[in-house]
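Presented below is the structure to which this report refers.
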Amino acid sequence: MCSINEEGAEVFEEFKPIEPLELKCRKCLIEDGNVVLQKKFVYCKTCFVPMVTHKFRATIGKSKLVNRGERVLVCVSGSQSSISLLHMIWTGLQQSTYKRLTFDPVVLYIDESVLHDYPQDQVNKIKKLFEKYGLTYHIVKFAAAVYSDNCLNEDINVDQYNDKLQNIFNNLSDLTLKEDMLMKLRKRAITKLADLLKCTRMMTAENEHKLSIRLLSNVALGRGSQISLDIGLAVNNKNNDKTSLVTIRPMRNLSAKEISYYALFNKLDDFLHSNFLTATSEDESIQKTTERFINDLQVNFPSTVSTIFRTGEKISEKTSAIAYCLLCQGVMDVDMSPSSAMEATKYSKYVSLMGVKALKLSLKELKNEETNEKKCNGCKCRNKQDLKEEIVESLCYACAHIIQDLESLDDLPEEILNKEKDRLQFKKMEEQIKDFLL
Amino acid sequence: MPILCSAKCGQNAVLKRPKTGDTLCKECFYWAFELEIHSTITNGKLFKKGDVVAIAASGGKDSTVLAQVLKTLNERYNYELTLILLSIDEGITGYRDDSLKTVLENKDEYQMPLKILSYQQLYGWSMDKIVAEVGRKNNCTFCGVFRRQALDRGAMLLNVDCIATGHNADDIAETVLMNILRGDVARLQRCVNIITITEGTIPRCKPLKYTYEKEIVMYAYFKKLNYFSTECVFAPNAYRGYARTFLKDIERLKPSSIMDIIHSGETMCIKENVKLPDIGVCTKCGFVSSQDICKACMLLEGLNRGLPKLGIGKSRKANKALAALPNPSLLHF
């Protein structure tokens, strides 16, 4: 099958290299071109910007999800993509009546300076930018958004929360899991803020390139069942009624290059936006390895990103899902048949510990044996281990990996711990009455 | 200080399992390795008592280990299977002729009957001849398509109930990645199945589906199994190679990645409104195909008519080209 792609590459090689300077814009045929897309399409500046804006507007329009006057949370991280998103929305609001965007944007910037080093005046600069656009905006500290329900109040003391947040990440040794955890906590924070700000829609600025990388690293992390959640155009959170929060990704049909040129032509400055992978080497985390892999392939096979992206569009969430992960709110994917990768891994672990004895004992008996051992030396550290095992039961496959790597659960948001307590309580009740349930 | 075997057998450990990171002694590793495959077979219900099973044997490490393990388990746990080795001779000088020698040795060692089918017999073309015609590019398409069908034909000849192939966990994870990269949603769904049953064909199963390639090598190494390991002379397999390197890179970062990818593949669902190809039969040869004329017949027709590029690429284009040829009725199979 590989050979088919080789054939495709051959066709590309045959394509004569063009000299963009001599070519006119393919749209207006008057102006000289300024941009070359996909190695062959030449655009001038005046035609390029509307083309990009149109793609963005079409993506929102097609979704048919944003109603007149609806409050939409616009998430701005400071990256080029998000600054361009903000600019496009603002431009859309200035248009003449029939083209005007009619929703009510609420701009959100989450200040993550507690985790990464940012220039000191960055928040002020962002504030200035938001004020220039004259849109409603909120700047919230990350730690406050994760831990406090009162995070919109600017005066709250975030020091204790900052410590907790830093502890979580310091307790995770693996860079891959650190970044995965950051993504999940960020999503939690945004979801919570959308709720507090009474927004029913939220927009994030991921482009095609970023989403393809996310798709493939999700597969590598065991999050295959959650792909549509993480890259889909419109993702509903759980209950399908009108008040539930829907994530919209209006930039998903734009390439990284298109966005860069949009920002360049509109003279948009972007801001430093770090994560745990910034300035790390490519062979330290799965996400970065995936990024390099896709970038390298893209050079030789220019359709790589869009193919991955289109594949992702055809993958959906399990419709029959009843349970959701406590941490990432994705579909629970741990209820597998005995013949599955998950059970096979468990069995591997088990036979490595039991050796020949594995034949006689079953998995359950091993667990019993372990719990008996634990009871013998019931010190506190054992209890902690128990809590971990219990919380893992309400997590999806990939989130369970994160929590298993986490040394202490104390710094998790209280919301999660409380929910887990409720679940345990409920389980106990069920246990007590189970003989009488019909 | 020597490290003790984690199965608490009292022996010193000689290896660290690539899959779980546990340290094991030789004996406990054999047990773990074999028991895992046993559990894969029983949980996946791969065989029924009394089945006749053809082991697709290439002489490489995967199929050699598969033959050895199936024989061991069959005797130890009374599967009551009749095992037969089935080899396909593609006719590649300097590669397949050597590996078939290994299969012949295996046959004597394991006391199993062996059936060899060759491309020359089945199609009238050996790979050497095909490469002379097609060139170094795209010849893997011929080899892959023909082998798939050749295995089916061989299995039918032998009248077996099931074909067992040596695909390991690395292969499956790699295929999941490949199908995403190629946008092949239908195969993405199918490739993680441990047993593939299509109407009109013999079921195929992959008993080594959850076994790491590294552990297969380890098993063969400690058991001193005789296997053949040389790259095919025609294939520095371009595109798949990228996926393979990527997989190795992430396995180094996190050994469980291979299982994580398979888990992803097993839990992914395809949207309901996505159109998947219909499975039918080839109008020429009667084997399973999603097109009117199957790929193997298309490729063969191209070869026989001196148009080797005919079947490569989109089937639609090939059909058009075929219709444009004079005397389409001359198609003979």
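Residue names in the structure tokens use chain letters A, B, ... in the order shown, residue numbers from 1 in each chain, and ligand numbers from 1 in the order shown.
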Show me, as a short mmCIF file (atom, residue, chain, number, x, y, z; two decimals) with N, CA and C atoms, in the first residue's frame, the residues that have an atom within 6 Å of Ile92 of chain B when counting only C-alpha atoms, minus same-chain residues fewer than 3 positions from it.
```
data_model
loop_
_atom_site.label_atom_id
_atom_site.label_comp_id
_atom_site.auth_asym_id
_atom_site.auth_seq_id
_atom_site.Cartn_x
_atom_site.Cartn_y
_atom_site.Cartn_z
N TYR B 95 16.24 -14.38 -0.87
CA TYR B 95 15.45 -14.05 0.31
C TYR B 95 14.55 -15.23 0.66
N ARG B 96 13.56 -15.48 -0.19
CA ARG B 96 12.60 -16.51 0.17
C ARG B 96 13.17 -17.91 0.07
N MET B 127 8.05 -13.37 -8.11
CA MET B 127 8.36 -11.97 -7.80
C MET B 127 9.57 -11.50 -8.60
N ASP B 128 10.53 -12.37 -8.80
CA ASP B 128 11.70 -11.98 -9.58
C ASP B 128 11.27 -11.49 -10.97
#
```
Write out as a tab-separated table the residues of chain A that have any atom within 7 Å of an atom of chain B, one row each with the nearest atom pair and its distance in Å to one decimal, counting only C-alpha atoms, sorted by chain and then rising number.
```
residue	atom	partner	partner_atom	distance
A:Met1	CA	B:Thr141	CA	5.8
A:Cys2	CA	B:Tyr239	CA	5.0
A:Ser3	CA	B:Asn138	CA	4.7
A:Ile4	CA	B:Gly313	CA	5.6
A:Val219	CA	B:Ser264	CA	5.5
A:Ala220	CA	B:Ile261	CA	5.0
A:Leu221	CA	B:Asp260	CA	5.8
A:Gly222	CA	B:Asp260	CA	4.3
A:Arg223	CA	B:Ser264	CA	5.7
A:Gly224	CA	B:Ser264	CA	3.8
A:Ser225	CA	B:Met268	CA	4.7
A:Glu284	CA	B:Leu253	CA	6.9
A:Ser285	CA	B:Leu253	CA	6.8
A:Ile286	CA	B:Ile250	CA	5.9
A:Phe293	CA	B:Phe246	CA	6.6
A:Thr304	CA	B:Leu181	CA	6.7
A:Thr307	CA	B:Gly183	CA	5.7
A:Ile308	CA	B:Leu181	CA	5.4
A:Thr311	CA	B:Gly183	CA	4.9
A:Lys314	CA	B:Lys271	CA	5.4
A:Ile315	CA	B:Ile270	CA	4.5
A:Ser316	CA	B:Lys271	CA	5.0
A:Glu317	CA	B:Cys269	CA	6.3
A:Lys318	CA	B:Cys269	CA	6.2
A:Asp333	CA	B:Thr267	CA	6.7
A:Pro338	CA	B:Asn43	CA	5.7
A:Ser339	CA	B:Gly44	CA	5.0
A:Ala341	CA	B:His263	CA	5.5
A:Met342	CA	B:His263	CA	6.6
A:Ala344	CA	B:Tyr210	CA	6.7
A:Ser348	CA	B:Glu36	CA	6.5
A:Lys349	CA	B:Thr20	CA	6.2
A:Val351	CA	B:Ala32	CA	5.3
A:Ser352	CA	B:Ala7	CA	5.9
A:Leu353	CA	B:Ala7	CA	4.3
A:Met354	CA	B:Ala7	CA	4.8
A:Gly355	CA	B:Ala7	CA	4.9
A:Val356	CA	B:Trp31	CA	6.2
```
Identify all residues of segment 149-226 of chain B in helix (DSSP H, G or I) (DSSP on the backbone) and supply them as a short mmCIF file (atom, residue, chain, number, x, y, z; two decimals) with N, CA, C and O atoms, in the first residue's frame.
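Result went into states24.cif, see below:
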```cif
data_model
loop_
_atom_site.label_atom_id
_atom_site.label_comp_id
_atom_site.auth_asym_id
_atom_site.auth_seq_id
_atom_site.Cartn_x
_atom_site.Cartn_y
_atom_site.Cartn_z
N GLN B 149 -4.03 -13.49 -1.00
CA GLN B 149 -4.89 -14.44 -1.68
C GLN B 149 -4.28 -15.85 -1.70
O GLN B 149 -4.99 -16.83 -1.57
N ALA B 150 -2.97 -15.89 -1.85
CA ALA B 150 -2.29 -17.19 -1.91
C ALA B 150 -2.51 -17.97 -0.62
O ALA B 150 -2.74 -19.17 -0.64
N LEU B 151 -2.47 -17.26 0.51
CA LEU B 151 -2.70 -17.92 1.79
C LEU B 151 -4.11 -18.52 1.83
O LEU B 151 -4.31 -19.63 2.28
N ASP B 152 -5.08 -17.73 1.35
CA ASP B 152 -6.45 -18.22 1.32
C ASP B 152 -6.56 -19.47 0.44
O ASP B 152 -7.19 -20.45 0.82
N ARG B 153 -5.93 -19.40 -0.72
CA ARG B 153 -6.01 -20.54 -1.64
C ARG B 153 -5.36 -21.77 -1.01
O ARG B 153 -5.91 -22.87 -1.11
N GLY B 154 -4.20 -21.56 -0.39
CA GLY B 154 -3.49 -22.66 0.24
C GLY B 154 -4.34 -23.29 1.33
O GLY B 154 -4.45 -24.52 1.44
N ALA B 155 -4.98 -22.43 2.13
CA ALA B 155 -5.79 -22.92 3.24
C ALA B 155 -6.98 -23.72 2.72
O ALA B 155 -7.37 -24.73 3.31
N MET B 156 -7.55 -23.28 1.59
CA MET B 156 -8.68 -24.00 1.03
C MET B 156 -8.24 -25.37 0.51
O MET B 156 -8.94 -26.36 0.69
N LEU B 157 -7.07 -25.37 -0.13
CA LEU B 157 -6.51 -26.62 -0.63
C LEU B 157 -6.34 -27.63 0.50
O LEU B 157 -6.62 -28.82 0.36
N LEU B 158 -5.84 -27.13 1.64
CA LEU B 158 -5.56 -28.00 2.77
C LEU B 158 -6.81 -28.30 3.58
O LEU B 158 -6.78 -29.09 4.51
N ALA B 169 2.15 -7.59 18.55
CA ALA B 169 1.58 -6.34 19.03
C ALA B 169 2.15 -5.14 18.28
O ALA B 169 1.42 -4.21 17.92
N ASP B 170 3.45 -5.18 18.01
CA ASP B 170 4.08 -4.06 17.30
C ASP B 170 3.46 -3.90 15.91
O ASP B 170 3.21 -2.79 15.46
N ASP B 171 3.23 -5.04 15.24
CA ASP B 171 2.64 -4.99 13.90
C ASP B 171 1.26 -4.35 13.94
O ASP B 171 0.91 -3.54 13.09
N ILE B 172 0.47 -4.74 14.93
CA ILE B 172 -0.90 -4.23 15.02
C ILE B 172 -0.88 -2.73 15.29
O ILE B 172 -1.57 -1.96 14.62
N ALA B 173 -0.06 -2.32 16.26
CA ALA B 173 0.01 -0.89 16.59
C ALA B 173 0.46 -0.09 15.37
O ALA B 173 -0.09 0.97 15.06
N GLU B 174 1.42 -0.64 14.66
CA GLU B 174 1.92 0.01 13.46
C GLU B 174 0.82 0.15 12.41
O GLU B 174 0.70 1.18 11.75
N THR B 175 0.02 -0.89 12.29
CA THR B 175 -1.07 -0.86 11.30
C THR B 175 -2.13 0.16 11.70
O THR B 175 -2.67 0.86 10.83
N VAL B 176 -2.40 0.29 13.00
CA VAL B 176 -3.35 1.31 13.44
C VAL B 176 -2.84 2.68 12.99
O VAL B 176 -3.57 3.48 12.38
N LEU B 177 -1.57 2.96 13.26
CA LEU B 177 -0.99 4.25 12.87
C LEU B 177 -1.05 4.44 11.35
O LEU B 177 -1.44 5.49 10.85
N MET B 178 -0.67 3.38 10.61
CA MET B 178 -0.66 3.46 9.15
C MET B 178 -2.04 3.80 8.61
O MET B 178 -2.18 4.61 7.71
N ASN B 179 -3.06 3.15 9.16
CA ASN B 179 -4.41 3.37 8.64
C ASN B 179 -4.90 4.78 8.95
O ASN B 179 -5.68 5.34 8.18
N ILE B 180 -4.43 5.35 10.06
CA ILE B 180 -4.78 6.75 10.33
C ILE B 180 -4.07 7.65 9.33
O ILE B 180 -4.66 8.55 8.74
N LEU B 181 -2.80 7.38 9.09
CA LEU B 181 -2.02 8.19 8.17
C LEU B 181 -2.57 8.10 6.74
O LEU B 181 -2.47 9.04 5.97
N ARG B 182 -3.12 6.93 6.39
CA ARG B 182 -3.62 6.76 5.04
C ARG B 182 -5.10 7.08 4.93
O ARG B 182 -5.66 7.08 3.85
N VAL B 185 -10.44 4.26 6.92
CA VAL B 185 -11.27 4.05 8.10
C VAL B 185 -11.76 2.62 8.22
O VAL B 185 -11.85 2.06 9.30
N ALA B 186 -12.08 2.02 7.06
CA ALA B 186 -12.61 0.65 7.10
C ALA B 186 -11.58 -0.29 7.71
O ALA B 186 -11.90 -1.10 8.58
N ARG B 187 -10.32 -0.15 7.26
CA ARG B 187 -9.28 -1.03 7.80
C ARG B 187 -8.95 -0.67 9.24
O ARG B 187 -8.60 -1.53 10.03
N LEU B 188 -9.05 0.61 9.56
CA LEU B 188 -8.75 1.05 10.93
C LEU B 188 -9.62 0.27 11.91
O LEU B 188 -9.19 -0.12 12.99
N GLN B 189 -10.85 0.05 11.51
CA GLN B 189 -11.78 -0.65 12.37
C GLN B 189 -11.45 -2.15 12.43
O GLN B 189 -11.52 -2.76 13.48
N ARG B 190 -11.07 -2.67 11.27
CA ARG B 190 -10.87 -4.11 11.15
C ARG B 190 -9.54 -4.58 11.73
O ARG B 190 -9.43 -5.68 12.23
N GLU B 213 7.13 -7.59 20.13
CA GLU B 213 8.15 -8.11 19.23
C GLU B 213 9.44 -8.42 19.98
O GLU B 213 10.07 -9.45 19.79
N LYS B 214 9.82 -7.51 20.88
CA LYS B 214 11.05 -7.71 21.65
C LYS B 214 11.02 -9.01 22.44
O LYS B 214 12.03 -9.68 22.59
N GLU B 215 9.85 -9.35 22.98
CA GLU B 215 9.76 -10.57 23.77
C GLU B 215 9.80 -11.81 22.89
O GLU B 215 10.27 -12.86 23.33
N ILE B 216 9.30 -11.65 21.67
CA ILE B 216 9.38 -12.78 20.73
C ILE B 216 10.85 -13.07 20.43
O ILE B 216 11.29 -14.23 20.44
N VAL B 217 11.60 -12.00 20.18
CA VAL B 217 13.03 -12.17 19.93
C VAL B 217 13.70 -12.80 21.15
O VAL B 217 14.51 -13.72 21.04
N MET B 218 13.33 -12.32 22.33
CA MET B 218 13.90 -12.84 23.57
C MET B 218 13.63 -14.34 23.72
O MET B 218 14.52 -15.11 24.06
N TYR B 219 12.39 -14.72 23.45
CA TYR B 219 11.98 -16.12 23.56
C TYR B 219 12.79 -16.97 22.59
O TYR B 219 13.34 -18.01 22.97
N ALA B 220 12.88 -16.49 21.36
CA ALA B 220 13.63 -17.24 20.35
C ALA B 220 15.10 -17.33 20.74
O ALA B 220 15.75 -18.36 20.56
N TYR B 221 15.61 -16.25 21.32
CA TYR B 221 17.02 -16.21 21.71
C TYR B 221 17.32 -17.21 22.81
O TYR B 221 18.25 -18.00 22.71
N PHE B 222 16.50 -17.21 23.86
CA PHE B 222 16.77 -18.12 24.97
C PHE B 222 16.49 -19.58 24.61
O PHE B 222 17.13 -20.49 25.09
#
```
Test item: residues at most 10 Å from segment 177-187 of chain A, only C-alpha atoms, excluding those fewer than 4 positions along its chain, as a PyMOL selection string = chain A and resi 110+112+115+142-143+145-146+165+168-173+191-193+217-218+221+275-277+285-287+327-329+398-399+401-403+405-406+412-413
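The neighbours of segment 249-256 of chain A here are the residues that come within 7 Å of it, using only C-alpha atoms and leaving out any residue fewer than 5 positions away in the same chain; they are A:Phe56, A:Thr59, A:Ile60, A:Met203, A:Thr204, A:Ala205, A:Glu206, A:Asn207, A:Glu208, A:His209, A:Leu233, A:Ala234.
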Test item: residues at most 10 Å from Leu37 of chain A, only C-alpha atoms, excluding those fewer than 5 positions along its chain, as a PDB file with N, CA, C and O atoms, in the first residue's frame:
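To be explicit, this is the file written out as result07.pdb:
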```pdb
ATOM      1  N   VAL A  42      -1.264  30.798  -5.651  1.00  0.00           N
ATOM      2  CA  VAL A  42      -0.696  32.111  -5.351  1.00  0.00           C
ATOM      3  C   VAL A  42      -1.823  33.086  -5.028  1.00  0.00           C
ATOM      4  O   VAL A  42      -2.833  33.132  -5.722  1.00  0.00           O
ATOM      5  N   TYR A  43      -1.653  33.826  -3.943  1.00  0.00           N
ATOM      6  CA  TYR A  43      -2.652  34.821  -3.572  1.00  0.00           C
ATOM      7  C   TYR A  43      -1.976  36.151  -3.331  1.00  0.00           C
ATOM      8  O   TYR A  43      -0.843  36.200  -2.858  1.00  0.00           O
ATOM      9  N   SER A 255      -4.804  26.141   7.917  1.00  0.00           N
ATOM     10  CA  SER A 255      -3.496  25.576   8.197  1.00  0.00           C
ATOM     11  C   SER A 255      -2.690  26.577   9.021  1.00  0.00           C
ATOM     12  O   SER A 255      -3.019  27.765   9.086  1.00  0.00           O
ATOM     13  N   LYS A 257       0.074  27.754   8.335  1.00  0.00           N
ATOM     14  CA  LYS A 257       0.652  28.748   7.443  1.00  0.00           C
ATOM     15  C   LYS A 257      -0.334  29.870   7.147  1.00  0.00           C
ATOM     16  O   LYS A 257       0.007  31.051   7.177  1.00  0.00           O
ATOM     17  N   GLU A 258      -1.576  29.472   6.869  1.00  0.00           N
ATOM     18  CA  GLU A 258      -2.593  30.488   6.581  1.00  0.00           C
ATOM     19  C   GLU A 258      -2.746  31.451   7.751  1.00  0.00           C
ATOM     20  O   GLU A 258      -2.878  32.657   7.562  1.00  0.00           O
TER      21      GLU A 258
END
```
All residues 8 Å or closer to segment 196-200 of chain A, only C-alpha atoms, same chain fewer than 2 positions away omitted, as a PyMOL selection string = chain A and resi 70-73+192-194+202+243-246
Name the residues in contact with Ser113 of chain A at a cut-off of 12 Å, using only C-alpha atoms, excluding same-chain residues fewer than 6 positions from it; report them as a PyMOL selection string.
-> chain A and resi 77+119-123+140-143+162+165-166+272-275
Would you output that residue set with C-alpha atoms, as a JSON list (two decimals), in the first residue's frame?
```
[["chain", "number", "residue", "atom", "x", "y", "z"],
["A", 77, "SER", "CA", -3.94, 31.85, 25.06],
["A", 119, "PRO", "CA", 7.67, 38.33, 30.87],
["A", 120, "GLN", "CA", 6.31, 40.35, 33.77],
["A", 121, "ASP", "CA", 4.35, 42.80, 31.71],
["A", 122, "GLN", "CA", 2.67, 40.14, 29.57],
["A", 123, "VAL", "CA", -0.63, 40.27, 31.44],
["A", 140, "VAL", "CA", -8.10, 34.66, 35.47],
["A", 141, "LYS", "CA", -5.21, 33.02, 37.29],
["A", 142, "PHE", "CA", -4.91, 29.36, 36.35],
["A", 143, "ALA", "CA", -4.63, 28.07, 39.91],
["A", 162, "ASN", "CA", -0.51, 28.14, 43.35],
["A", 165, "LEU", "CA", -0.97, 23.37, 41.41],
["A", 166, "GLN", "CA", 2.81, 23.38, 41.38],
["A", 272, "LEU", "CA", 4.68, 34.01, 24.66],
["A", 273, "HIS", "CA", 2.62, 30.95, 25.39],
["A", 274, "SER", "CA", 4.45, 28.05, 26.99],
["A", 275, "ASN", "CA", 3.63, 24.58, 28.11]]
```
Could you tell me, as an NGL selection string, which residues of segment 78-293 of chain B DSSP assigns to strand (DSSP E) when given the backbone?
-> :B and (82-89 or 114-118 or 162-164 or 195-196 or 204-205 or 269-270 or 280-281 or 288-289)
Same residues, N, CA, C and O atoms, output as a tab-separated table (two decimals), in the first residue's frame:
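The result, written out as selection-v7.tsv:
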```
chain	number	residue	atom	x	y	z
B	82	THR	N	-4.98	-29.96	15.00
B	82	THR	CA	-4.02	-30.50	14.06
B	82	THR	C	-3.32	-29.32	13.41
B	82	THR	O	-3.97	-28.46	12.83
B	83	LEU	N	-2.01	-29.25	13.58
B	83	LEU	CA	-1.28	-28.07	13.08
B	83	LEU	C	-0.57	-28.39	11.77
B	83	LEU	O	0.06	-29.45	11.63
B	84	ILE	N	-0.70	-27.47	10.82
B	84	ILE	CA	-0.03	-27.64	9.53
B	84	ILE	C	0.74	-26.35	9.22
B	84	ILE	O	0.24	-25.26	9.50
B	85	LEU	N	1.92	-26.48	8.68
B	85	LEU	CA	2.65	-25.28	8.26
B	85	LEU	C	2.26	-24.96	6.82
B	85	LEU	O	2.20	-25.85	5.97
B	86	LEU	N	2.00	-23.68	6.55
B	86	LEU	CA	1.65	-23.26	5.19
B	86	LEU	C	2.59	-22.14	4.78
B	86	LEU	O	2.64	-21.09	5.43
B	87	SER	N	3.36	-22.37	3.74
B	87	SER	CA	4.31	-21.35	3.30
B	87	SER	C	4.01	-20.91	1.89
B	87	SER	O	3.52	-21.69	1.08
B	88	ILE	N	4.28	-19.66	1.63
B	88	ILE	CA	4.10	-19.13	0.28
B	88	ILE	C	5.48	-18.80	-0.27
B	88	ILE	O	6.26	-18.10	0.38
B	89	ASP	N	5.76	-19.31	-1.44
B	89	ASP	CA	7.04	-19.02	-2.07
B	89	ASP	C	6.84	-17.94	-3.12
B	89	ASP	O	6.29	-18.18	-4.18
B	114	LEU	N	3.99	-29.86	6.02
B	114	LEU	CA	4.25	-28.54	5.44
B	114	LEU	C	3.73	-28.49	4.01
B	114	LEU	O	3.90	-29.44	3.24
B	115	LYS	N	3.08	-27.37	3.67
B	115	LYS	CA	2.61	-27.18	2.30
B	115	LYS	C	3.21	-25.89	1.77
B	115	LYS	O	3.12	-24.85	2.41
B	116	ILE	N	3.87	-25.97	0.62
B	116	ILE	CA	4.43	-24.76	0.03
B	116	ILE	C	3.71	-24.46	-1.28
B	116	ILE	O	3.57	-25.33	-2.13
B	117	LEU	N	3.20	-23.23	-1.39
B	117	LEU	CA	2.57	-22.80	-2.64
B	117	LEU	C	3.44	-21.70	-3.23
B	117	LEU	O	3.92	-20.85	-2.51
B	118	SER	N	3.60	-21.70	-4.54
B	118	SER	CA	4.43	-20.63	-5.09
B	118	SER	C	3.62	-19.72	-6.00
B	118	SER	O	2.60	-20.11	-6.56
B	162	CYS	N	-8.93	-22.78	10.02
B	162	CYS	CA	-8.48	-21.48	10.49
B	162	CYS	C	-7.01	-21.27	10.09
B	162	CYS	O	-6.24	-22.23	10.03
B	163	ILE	N	-6.65	-20.01	9.79
B	163	ILE	CA	-5.25	-19.70	9.53
B	163	ILE	C	-4.73	-18.87	10.70
B	163	ILE	O	-5.36	-17.89	11.09
B	164	ALA	N	-3.59	-19.26	11.27
B	164	ALA	CA	-2.99	-18.45	12.33
B	164	ALA	C	-1.79	-17.72	11.76
B	164	ALA	O	-0.92	-18.34	11.16
B	195	ILE	N	-9.57	-11.84	15.41
B	195	ILE	CA	-9.95	-12.89	14.49
B	195	ILE	C	-10.83	-12.27	13.41
B	195	ILE	O	-11.75	-11.52	13.70
B	196	THR	N	-10.46	-12.46	12.14
B	196	THR	CA	-11.24	-11.85	11.08
B	196	THR	C	-12.00	-12.92	10.33
B	196	THR	O	-11.41	-13.85	9.80
B	204	ARG	N	-9.10	-15.92	9.95
B	204	ARG	CA	-7.69	-15.75	10.28
B	204	ARG	C	-7.59	-15.26	11.70
B	204	ARG	O	-8.38	-14.42	12.12
B	205	CYS	N	-6.61	-15.75	12.44
B	205	CYS	CA	-6.45	-15.22	13.79
B	205	CYS	C	-5.00	-14.90	14.09
B	205	CYS	O	-4.09	-15.36	13.40
B	269	CYS	N	-14.61	4.35	17.56
B	269	CYS	CA	-15.83	4.01	16.83
B	269	CYS	C	-15.89	4.85	15.56
B	269	CYS	O	-15.48	5.99	15.55
B	270	ILE	N	-16.42	4.28	14.52
B	270	ILE	CA	-16.55	5.02	13.27
B	270	ILE	C	-17.94	5.65	13.22
B	270	ILE	O	-18.92	5.02	13.60
B	280	GLY	N	-17.87	-7.82	-1.30
B	280	GLY	CA	-18.52	-8.73	-2.23
B	280	GLY	C	-17.51	-9.76	-2.69
B	280	GLY	O	-16.52	-10.00	-2.01
B	281	VAL	N	-17.76	-10.37	-3.84
B	281	VAL	CA	-16.77	-11.30	-4.37
B	281	VAL	C	-16.34	-10.85	-5.75
B	281	VAL	O	-17.08	-10.20	-6.47
B	288	VAL	N	-12.94	-12.94	-2.03
B	288	VAL	CA	-13.52	-11.74	-1.44
B	288	VAL	C	-12.87	-10.48	-2.00
B	288	VAL	O	-11.66	-10.40	-2.15
B	289	SER	N	-13.72	-9.49	-2.30
B	289	SER	CA	-13.21	-8.23	-2.83
B	289	SER	C	-14.23	-7.14	-2.59
B	289	SER	O	-15.42	-7.40	-2.50
```
